[in-house]
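Below is one structure, written out as structure tokens; the observations come after it.
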Amino acid sequence: RQMCIRDRAIRKLLTVDLVHVIDPRPLRRRTIFASILAFVLLLIAMILPAHAWTAIQRLSRPWETIEWPRDVILHLETTEGEPVDVNYFAGRFFPRGTSLGLAVANLRGDLPEDLQLLIRQNDETLRRESIPVVSSDRERLSFGKIQIPLRESFEFRVSGGDDDQIPCMRVEVVPPPMLSEIRLTLKPPFYTGRDAEEIPAGTSFVQALIGSELHVEGTANTTLSRAGFETSRGKSFSFDVKEGTGEFEGTFTIGEAGSEFYMLQFRDDLGIGNDSALRLEVTGVADGIPDVTLVSPETDQFLTANAELRLAVSATDDVNLTQLTLSLSPVSDRESERQWSQEFLEAPQPRMDTELSVQLSDLGFRAGDVLKLQAIG
């Protein structure tokens, strides 16, 4: 009986079609889909290796915050090349009326087309501005040029492309130190005999002889740390500043002919500067050469050794004469004991006329001497 059952089972098994029992088509479709997916993933990994590696990291460490790689990483710096971030503006103040110049670059390459500046004023007004891109042929790079007029404190940030990570930065704008009062006193050179004179308030032009001294006293509207003049010729004059106040004082000498602009510059105790608190034009005038005339003798003369020589001289100057000297000496002998000179001025004056007579024999001159007569003013 068991033999019959076994033979019957074998006969039925031989009649079974295995193709109908196991259908391989769904498995084949899944295999093809998996192969295509693997090829696509491999292609992405070859084209975007950084993104692929980031995806693996995010899958393997889901508890960590891992950012996707970006095509744009914006970098801010000043026009002098100093990096700019939140710490750059901490504790720093900027004078009102100036401007803030910045440059923005993409550390990953070219700048995005949607590069923009966002500014929030104190009244919460939000302003968006496109940042112009400037090319640098020397470095073959491009950078965004930012120029912000400083009128009041504000916050700003820069964004573009897929970089929105630059934080909002606050710029504190304060008024610069201003001139409240100034007094200018001009002291002419000593030889002029003129007294010092005070320049009228509001004067922006000073003309004086070379060698004149200009004394400056003034007051600013805030405590100063430094005050002085910077000239258009690159010279600078520092003034004494009274500690803890806005008072300053100093003197400088007009040493060159021609016009020169003097810019009064301040720095307050916060480091805020004002490079044009006052603009003063100073013109130095050269003193003219005195006009000296030997009135007598008018021409060369022949005299005996014991003759009397009559001399007359006239001298004028546009300001004041400080010296008038007559000298007589042998042309061929420069020994001091055989020279004679006479000074006539006791005090500066604009004109001098004088006459005198000298006895040649009393001066030690001898027969045959050829004498040179000079009048110097």
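The chains in the structure tokens are called A, B, ... from first to last as shown; in each chain the residues are counted from 1, and the ligands are counted from 1 in the order shown.
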Could you name the residues that touch stretch 221-226 of chain A at 12 Å or less, counting only C-alpha atoms, but leaving out those on the same chain fewer than 6 positions away, as a PyMOL selection string? chain A and resi 175-182+237-250+264-275+277
Near A:Leu311, counting only C-alpha atoms, which residues have an atom at most 10 Å away, once you skip same-chain residues fewer than 5 positions from it, shown as a PyMOL selection string? chain A and resi 294-298+326+354-358+373
Test item, strand (DSSP E) assignment across stretch 55-224 of chain A, answer as an MDAnalysis selection string: chainID A and resid 74:78 93:95 99:106 116:121 126:130 133:136 141:149 154:159 169:174 179:187 197:199 205:209 213:220 224
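Surrounding stretch 278-292 of chain A within 7 Å are Ser204, Phe205, Val206, Gln207, Ala208, Leu209, Ile210, Ile254, Glu256, Ala257, Gly258, Ser259, Glu260, Phe261, Tyr262, Met263, Leu264, Ser276, Leu294, Ser314, Ala315, Thr316, Asp317, Asp318, Ala375, Ile376 and Gly377 of chain A, with only C-alpha atoms counted and residues fewer than 2 positions along the same chain left out.
When only C-alpha atoms are used to measure the gap to A:Glu77, the shortest distance among A:Ala105, A:Arg128, A:Ala347, A:Arg96 belongs to A:Ala105.
The residue that comes closest to A:Arg108, out of A:Glu230, A:Glu124, A:Asp353, A:Asp162 and on the basis of only C-alpha atoms, is A:Asp162.
With atom CA of A:Glu155 on one side and atom CA of A:Arg70 on the other, the separation reads 25.0 Å.
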Give me every alpha helix (DSSP H) residue in stretch 78-253 of chain A, going by DSSP on the backbone, as a ChimeraX atom specification. /A:86-89
Report as a PyMOL selection string all protein, DNA and RNA residues lying within 7 Å of A:Ile131, evaluated on only C-alpha atoms, omitting residues in the same chain fewer than 4 positions from it. chain A and resi 115-117+144-146
Keeping only N, CA and C atoms, write the selected residues as a compact mmCIF listing (two decimals), in the first residue's frame.
# COMPACT_ATOMS: atom_id res chain seq x y z
N LEU A 115 22.88 88.68 -5.08
CA LEU A 115 23.59 89.26 -3.93
C LEU A 115 22.90 90.55 -3.51
N GLN A 116 22.54 90.66 -2.23
CA GLN A 116 21.83 91.84 -1.78
C GLN A 116 22.18 92.21 -0.35
N LEU A 117 21.94 93.48 -0.05
CA LEU A 117 22.19 94.05 1.27
C LEU A 117 20.85 94.37 1.91
N GLY A 144 31.76 92.27 -4.33
CA GLY A 144 30.66 93.21 -4.21
C GLY A 144 31.10 94.43 -3.44
N LYS A 145 30.78 95.59 -3.94
CA LYS A 145 31.18 96.85 -3.32
C LYS A 145 30.00 97.45 -2.57
N ILE A 146 30.19 97.65 -1.25
CA ILE A 146 29.15 98.20 -0.40
C ILE A 146 29.59 99.56 0.12
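We find atom CA of A:Lys187 and atom CA of A:Gly255 to be spaced 13.2 Å apart.
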